[in-house]
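Notes for the one structure printed next.
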Amino acid sequence: SGPETRTPTGAPTTAPQDAVAQQGHYLTTAQGVPLADTDHSLKAGRRGPVLLQDHHLREKITHFDHERIPERVVHARGAAAHGHFVANGEAEKYTAAAFLKAGTVTDTFVRFSTVLGSRGSADTARDTRGFATKFYTTEGVYDLVGNNIPVFFIQDAIKFPDIIHAGKPHPDREIPQAQSAHDTFWDFVSLHTEAQHHTIWNMSDRALPRSYRMMQGFGIHTFRLVNADGATVLVKFHWRPRLGTHGLVWEEAQLIAGKDPDYHRRDLADAIEAGAYPEWDFAIQVFPDTEDQLFAGIDLLDPTKLVPEELAPLKVIGTMTLDRNPLNYFDETEQVAFHPGHLVPGIDVTSDPLLQGRLFSYLDTQITRLGGPNFAQIPINRPHADVNDMLRDGLHQDAVHSGVAPYRPNSLDGGCPFPAALHGDEGAQAFIDVPQPVQQDVVTRAQPASFDDHFSQARQFYRSLTPIEQQHVKQAYSFELGKVYEQTIKERELQALVNIDVDLAAFVAEQLGLDVPAASENVPDTDPSGALSMITDDEWPV
Ligand code: HEM
């Protein structure tokens, strides 16, 4: 037998029998037959031909032929690490989730990624970064699938294929790789001005992180927490790196992309190997669960908006440490399957139309990417909690299910009983803890008017930057738009920029050799800064 793999908390994160697979004392076939030679095919005579009956030859090459699985359709390039999360109990009054109770230690697995580049692209490309965390809680897996930028490009998931088609390399030349310097990207974000807020973050140093260890993470959407009494609040989730948030400058990012395209994954793995374990505080912003789901005039269901921390301060609810590198990139980092719908009792979704679409997309794509519906049985995806489902058969079914009656109720073998109450007499109601009203008489594709302001928060972000950070943003727009071929696209983006900030637009226009357009009339401005005093600790909703 080989070494067991355990976290500092003592729980096996990769089941020991999986960790020691392929660790025998001599070479064998996949069937365990000992092999004396793996370098020469079986031939008819020394000069051949090669014989079909050489099973080892065929098994070796056939398996190799099928080694690649499709890369993720987005976030293809990533690096990951194991760790653990310790709750401080500050969230207990808001949520019944067991892993957030004071002192609870939960194993985690985190995958950081770029969004647009392919699996082999450079780490330091200008891009949003993924920050996806799997919590292996006693109540099942909880995934927080976030990014390092607090807002998203679009407001409705139905546009996700469009923004990604626009952001990925052009279909004809397959360029550029992992950059926003191209016509289709700017075409999309200038036509869908809701993307301007995310785009200005992309043009800032936030899109060039110094290290995965020095990156903030955001759940972006508003979620609903439900406590043991059924009381609810709305929250946004934040990860705050203990090392601080740091960026590269563009020239560094470009040089590193050439000299060490693996810069971020090397940095993460080396730091962990050296015992310099990165840590993040996990925090929430809390808002009252009002009927209109607005806070300080900001629509909490609009994922292109954030709530400034001056208006809703962060409350730290625990800390995560990453302290173990994966044993095998493919088995863990590549095969891990995150899903915003992997929720535990006490954490509910809201009706954010971007989040609702995500709830469909991840499972759907993983059925293709991971070869069928049984990928929850892959060691990295297995819950650290009992599993007793009624899911049967299918490709890559590894479980040997006992019993004859995978339905309930049944009178034969007990089947799958509901759990004893986890939270009160009613038992846990995973996925929806509290019923929510819907507008039953209206079916519409229209959005609320509160989704129409596309520029105030982009302006607010730009004006919150220091002069040198603003200069980086100006140069980034100039560089990226300088690569665009179509003049009409550059002009349309300048129109969006002038609605954000005239000085910014004037700089970029000059660099591009174009005129500065006049600002559009009636640009909504709901910038709430200064409009409200900060919510104080004793005014917190619950
Ligand atoms: C993958 C974040 C919106 C579809 C990912 C990953 C992250 C992420 C971090 C990589 C997970 C990993 O490391 O394995 C986000 C955030 C969003 C967002 C923060 C908005 C707030 C969407 C939307 C859709 C979508 C709207 C589709 C409608 C996907 C798909 C994958 C993915 C298909 C690949 C999943 C896989 O192959 O396992 N996303 N995403 N995402 N996302 Fe999103």
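Letters for chains follow the order of the structure tokens (A, B, ...), residue numbers begin at 1 for each chain, and ligand numbers begin at 1 in the order shown.
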### Task
Using only C-alpha atoms and all ligand atoms, determine which residues fall within 6 Å of ligand 1, then list them as a PyMOL selection string.
chain A and resi 72-75+111-113+130-132+145-147+152+157+160+220+337-338+354+357-358+361-362+365-366
### Task
Give me the residues within 6 Å of stretch 100-106 of chain A as a PyMOL selection string, counting only C-alpha atoms and dropping any in the same chain fewer than 4 places off.
chain A and resi 84-89+92+137
### Task
For A:Gln436, list every protein, DNA or RNA residue within 10 Å, evaluated using only C-alpha atoms, and leave out those in the same chain fewer than 6 positions away; present the list as a ChimeraX atom specification.
/A:291,350-351
Same residues, N, CA and C atoms, output as a PDB file, in the first residue's frame:
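What ended up in result_17.pdb:
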ATOM      1  N   GLU A 291     -38.545  43.615  -0.482  1.00  0.00           N
ATOM      2  CA  GLU A 291     -39.298  43.140  -1.646  1.00  0.00           C
ATOM      3  C   GLU A 291     -38.689  43.638  -2.958  1.00  0.00           C
ATOM      4  N   THR A 350     -30.715  33.853  -5.689  1.00  0.00           N
ATOM      5  CA  THR A 350     -31.733  34.875  -5.934  1.00  0.00           C
ATOM      6  C   THR A 350     -32.137  34.794  -7.407  1.00  0.00           C
ATOM      7  N   SER A 351     -33.010  35.707  -7.825  1.00  0.00           N
ATOM      8  CA  SER A 351     -33.508  35.662  -9.206  1.00  0.00           C
ATOM      9  C   SER A 351     -32.636  36.452 -10.174  1.00  0.00           C
TER      10      SER A 351
END
### Query
Using only C-alpha atoms, which residues sit within 8 Å of stretch 444-453 of chain A once same-chain residues fewer than 3 positions away are excluded, as an NGL selection string?
:A and (155 or 194 or 298-299 or 302 or 456 or 523-526)
### Residues of stretch 279-469 of chain A in strand (DSSP E or B), written as a ChimeraX atom specification
/A:279-288,294-295,298-299,315-324,347-348
Mind dumping the selected residues with N, CA and C atoms as a PDB file, in the first residue's frame?
ATOM      1  N   GLU A 279      -3.432  32.834   2.326  1.00  0.00           N
ATOM      2  CA  GLU A 279      -4.661  32.863   3.131  1.00  0.00           C
ATOM      3  C   GLU A 279      -5.590  33.968   2.628  1.00  0.00           C
ATOM      4  N   TRP A 280      -6.861  33.706   2.756  1.00  0.00           N
ATOM      5  CA  TRP A 280      -7.888  34.696   2.403  1.00  0.00           C
ATOM      6  C   TRP A 280      -8.906  34.783   3.536  1.00  0.00           C
ATOM      7  N   ASP A 281      -9.326  35.983   3.860  1.00  0.00           N
ATOM      8  CA  ASP A 281     -10.491  36.136   4.725  1.00  0.00           C
ATOM      9  C   ASP A 281     -11.736  36.051   3.844  1.00  0.00           C
ATOM     10  N   PHE A 282     -12.729  35.373   4.356  1.00  0.00           N
ATOM     11  CA  PHE A 282     -14.014  35.247   3.655  1.00  0.00           C
ATOM     12  C   PHE A 282     -14.962  36.238   4.314  1.00  0.00           C
ATOM     13  N   ALA A 283     -15.613  37.072   3.520  1.00  0.00           N
ATOM     14  CA  ALA A 283     -16.428  38.136   4.110  1.00  0.00           C
ATOM     15  C   ALA A 283     -17.746  38.277   3.357  1.00  0.00           C
ATOM     16  N   ILE A 284     -18.715  38.882   4.035  1.00  0.00           N
ATOM     17  CA  ILE A 284     -20.005  39.152   3.387  1.00  0.00           C
ATOM     18  C   ILE A 284     -20.362  40.626   3.552  1.00  0.00           C
ATOM     19  N   GLN A 285     -21.060  41.124   2.549  1.00  0.00           N
ATOM     20  CA  GLN A 285     -21.805  42.370   2.695  1.00  0.00           C
ATOM     21  C   GLN A 285     -23.252  41.947   2.904  1.00  0.00           C
ATOM     22  N   VAL A 286     -23.916  42.520   3.877  1.00  0.00           N
ATOM     23  CA  VAL A 286     -25.270  42.073   4.227  1.00  0.00           C
ATOM     24  C   VAL A 286     -26.275  43.180   3.908  1.00  0.00           C
ATOM     25  N   PHE A 287     -27.373  42.776   3.270  1.00  0.00           N
ATOM     26  CA  PHE A 287     -28.428  43.740   2.924  1.00  0.00           C
ATOM     27  C   PHE A 287     -29.771  43.187   3.403  1.00  0.00           C
ATOM     28  N   PRO A 288     -30.685  44.051   3.781  1.00  0.00           N
ATOM     29  CA  PRO A 288     -32.012  43.555   4.159  1.00  0.00           C
ATOM     30  C   PRO A 288     -32.693  42.889   2.962  1.00  0.00           C
ATOM     31  N   LEU A 294     -33.497  46.291  -3.644  1.00  0.00           N
ATOM     32  CA  LEU A 294     -32.608  47.423  -3.913  1.00  0.00           C
ATOM     33  C   LEU A 294     -31.875  47.754  -2.625  1.00  0.00           C
ATOM     34  N   PHE A 295     -30.635  48.239  -2.748  1.00  0.00           N
ATOM     35  CA  PHE A 295     -29.923  48.752  -1.583  1.00  0.00           C
ATOM     36  C   PHE A 295     -29.226  50.030  -2.016  1.00  0.00           C
ATOM     37  N   ILE A 298     -29.281  50.709  -5.534  1.00  0.00           N
ATOM     38  CA  ILE A 298     -28.592  49.766  -6.431  1.00  0.00           C
ATOM     39  C   ILE A 298     -29.413  48.491  -6.497  1.00  0.00           C
ATOM     40  N   ASP A 299     -29.677  48.022  -7.723  1.00  0.00           N
ATOM     41  CA  ASP A 299     -30.447  46.787  -7.876  1.00  0.00           C
ATOM     42  C   ASP A 299     -29.549  45.595  -7.557  1.00  0.00           C
ATOM     43  N   LYS A 315     -18.049  42.052   6.446  1.00  0.00           N
ATOM     44  CA  LYS A 315     -18.021  41.356   7.733  1.00  0.00           C
ATOM     45  C   LYS A 315     -17.279  40.044   7.501  1.00  0.00           C
ATOM     46  N   VAL A 316     -16.158  39.855   8.168  1.00  0.00           N
ATOM     47  CA  VAL A 316     -15.366  38.633   7.959  1.00  0.00           C
ATOM     48  C   VAL A 316     -16.049  37.470   8.673  1.00  0.00           C
ATOM     49  N   ILE A 317     -16.219  36.344   7.942  1.00  0.00           N
ATOM     50  CA  ILE A 317     -16.929  35.197   8.528  1.00  0.00           C
ATOM     51  C   ILE A 317     -16.046  33.949   8.605  1.00  0.00           C
ATOM     52  N   GLY A 318     -14.782  34.082   8.191  1.00  0.00           N
ATOM     53  CA  GLY A 318     -13.879  32.932   8.295  1.00  0.00           C
ATOM     54  C   GLY A 318     -12.631  33.166   7.469  1.00  0.00           C
ATOM     55  N   THR A 319     -11.739  32.183   7.491  1.00  0.00           N
ATOM     56  CA  THR A 319     -10.459  32.315   6.788  1.00  0.00           C
ATOM     57  C   THR A 319     -10.116  30.999   6.097  1.00  0.00           C
ATOM     58  N   MET A 320      -9.593  31.120   4.885  1.00  0.00           N
ATOM     59  CA  MET A 320      -9.165  29.930   4.144  1.00  0.00           C
ATOM     60  C   MET A 320      -7.654  29.953   3.952  1.00  0.00           C
ATOM     61  N   THR A 321      -7.048  28.773   4.109  1.00  0.00           N
ATOM     62  CA  THR A 321      -5.608  28.606   3.876  1.00  0.00           C
ATOM     63  C   THR A 321      -5.440  27.539   2.799  1.00  0.00           C
ATOM     64  N   LEU A 322      -4.595  27.799   1.818  1.00  0.00           N
ATOM     65  CA  LEU A 322      -4.277  26.774   0.815  1.00  0.00           C
ATOM     66  C   LEU A 322      -2.914  26.191   1.166  1.00  0.00           C
ATOM     67  N   ASP A 323      -2.866  24.883   1.413  1.00  0.00           N
ATOM     68  CA  ASP A 323      -1.635  24.320   1.972  1.00  0.00           C
ATOM     69  C   ASP A 323      -1.209  23.003   1.334  1.00  0.00           C
ATOM     70  N   ARG A 324      -1.809  22.625   0.209  1.00  0.00           N
ATOM     71  CA  ARG A 324      -1.367  21.374  -0.411  1.00  0.00           C
ATOM     72  C   ARG A 324      -1.572  21.430  -1.920  1.00  0.00           C
ATOM     73  N   ILE A 347     -28.061  28.523   2.313  1.00  0.00           N
ATOM     74  CA  ILE A 347     -27.612  29.439   1.251  1.00  0.00           C
ATOM     75  C   ILE A 347     -28.504  29.200   0.034  1.00  0.00           C
ATOM     76  N   ASP A 348     -29.237  30.234  -0.355  1.00  0.00           N
ATOM     77  CA  ASP A 348     -30.143  30.136  -1.508  1.00  0.00           C
ATOM     78  C   ASP A 348     -29.682  31.061  -2.623  1.00  0.00           C
TER      79      ASP A 348
END
### Task
as a VMD selection string, list the residues of stretch 142-364 of chain A assigned to alpha helix (DSSP H) by DSSP on the backbone atoms of this structure.
chain A and resid 160 to 167 183 to 191 196 to 202 250 to 259 263 to 273 353 to 364
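Residue neighbourhood of A:His246, excluding near-sequence residues (fewer than 5 positions): A:Arg206, A:Pro209, A:Arg210, A:Ser211, A:Met214, A:Met215, at 8 Å, using only C-alpha atoms.
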Keeping C-alpha atoms, export the residues of the selection given above as a PDB file, in the first residue's frame.
ATOM      1  CA  ARG A 206      -6.958  44.220 -11.645  1.00  0.00           C
ATOM      2  CA  PRO A 209      -2.724  40.137 -10.996  1.00  0.00           C
ATOM      3  CA  ARG A 210       0.759  39.863  -9.531  1.00  0.00           C
ATOM      4  CA  SER A 211      -0.053  36.415  -8.165  1.00  0.00           C
ATOM      5  CA  MET A 214      -2.651  38.330  -4.102  1.00  0.00           C
ATOM      6  CA  MET A 215      -6.059  38.381  -5.724  1.00  0.00           C
TER       7      MET A 215
END
#### Entry: Close residues, A:Glu252 itself excluded, 12 Å, only C-alpha atoms, min 5 positions apart in chain, as a ChimeraX atom specification
/A:124-126,205,208-210,247,257-260,263
Once you have the residues from the selection above, write them out as an mmCIF file, in the first residue's frame, restricted to N, CA and C atoms.
data_model
loop_
_atom_site.group_PDB
_atom_site.id
_atom_site.type_symbol
_atom_site.label_atom_id
_atom_site.label_comp_id
_atom_site.auth_asym_id
_atom_site.auth_seq_id
_atom_site.Cartn_x
_atom_site.Cartn_y
_atom_site.Cartn_z
ATOM 1 N N THR A 124 -0.200 35.496 -17.788
ATOM 2 C CA THR A 124 -0.298 36.920 -17.438
ATOM 3 C C THR A 124 -1.068 37.746 -18.467
ATOM 4 N N ALA A 125 -1.870 37.096 -19.311
ATOM 5 C CA ALA A 125 -2.693 37.850 -20.277
ATOM 6 C C ALA A 125 -3.631 38.803 -19.530
ATOM 7 N N ARG A 126 -3.950 39.930 -20.172
ATOM 8 C CA ARG A 126 -4.956 40.828 -19.582
ATOM 9 C C ARG A 126 -6.315 40.133 -19.666
ATOM 10 N N ASP A 205 -5.378 47.581 -13.573
ATOM 11 C CA ASP A 205 -4.355 46.623 -13.130
ATOM 12 C C ASP A 205 -4.982 45.369 -12.503
ATOM 13 N N LEU A 208 -4.394 42.242 -14.340
ATOM 14 C CA LEU A 208 -3.006 41.761 -14.433
ATOM 15 C C LEU A 208 -2.525 41.397 -13.027
ATOM 16 N N PRO A 209 -3.116 40.395 -12.382
ATOM 17 C CA PRO A 209 -2.724 40.137 -10.996
ATOM 18 C C PRO A 209 -1.247 39.757 -10.883
ATOM 19 N N ARG A 210 -0.636 40.190 -9.802
ATOM 20 C CA ARG A 210 0.759 39.863 -9.531
ATOM 21 C C ARG A 210 0.914 38.372 -9.244
ATOM 22 N N GLY A 247 -0.998 44.110 -8.423
ATOM 23 C CA GLY A 247 -1.017 43.878 -9.871
ATOM 24 C C GLY A 247 0.377 43.975 -10.463
ATOM 25 N N ALA A 257 5.012 36.929 -19.947
ATOM 26 C CA ALA A 257 4.300 36.003 -20.847
ATOM 27 C C ALA A 257 5.279 35.320 -21.791
ATOM 28 N N GLY A 258 6.353 36.037 -22.144
ATOM 29 C CA GLY A 258 7.365 35.420 -23.001
ATOM 30 C C GLY A 258 8.343 34.559 -22.225
ATOM 31 N N LYS A 259 8.795 35.067 -21.083
ATOM 32 C CA LYS A 259 9.859 34.362 -20.356
ATOM 33 C C LYS A 259 9.347 33.187 -19.536
ATOM 34 N N ASP A 260 8.147 33.331 -18.993
ATOM 35 C CA ASP A 260 7.612 32.256 -18.154
ATOM 36 C C ASP A 260 6.083 32.246 -18.238
ATOM 37 N N TYR A 263 3.874 31.516 -15.174
ATOM 38 C CA TYR A 263 4.253 32.320 -14.010
ATOM 39 C C TYR A 263 3.311 32.150 -12.815
#
### Query
Leaving out A:Trp186 and any residue of its chain fewer than 4 positions from it, which residues lie within 8 Å of it when counting only C-alpha atoms, given as a PyMOL selection string?
chain A and resi 180-182+190+481+484+489-490+493
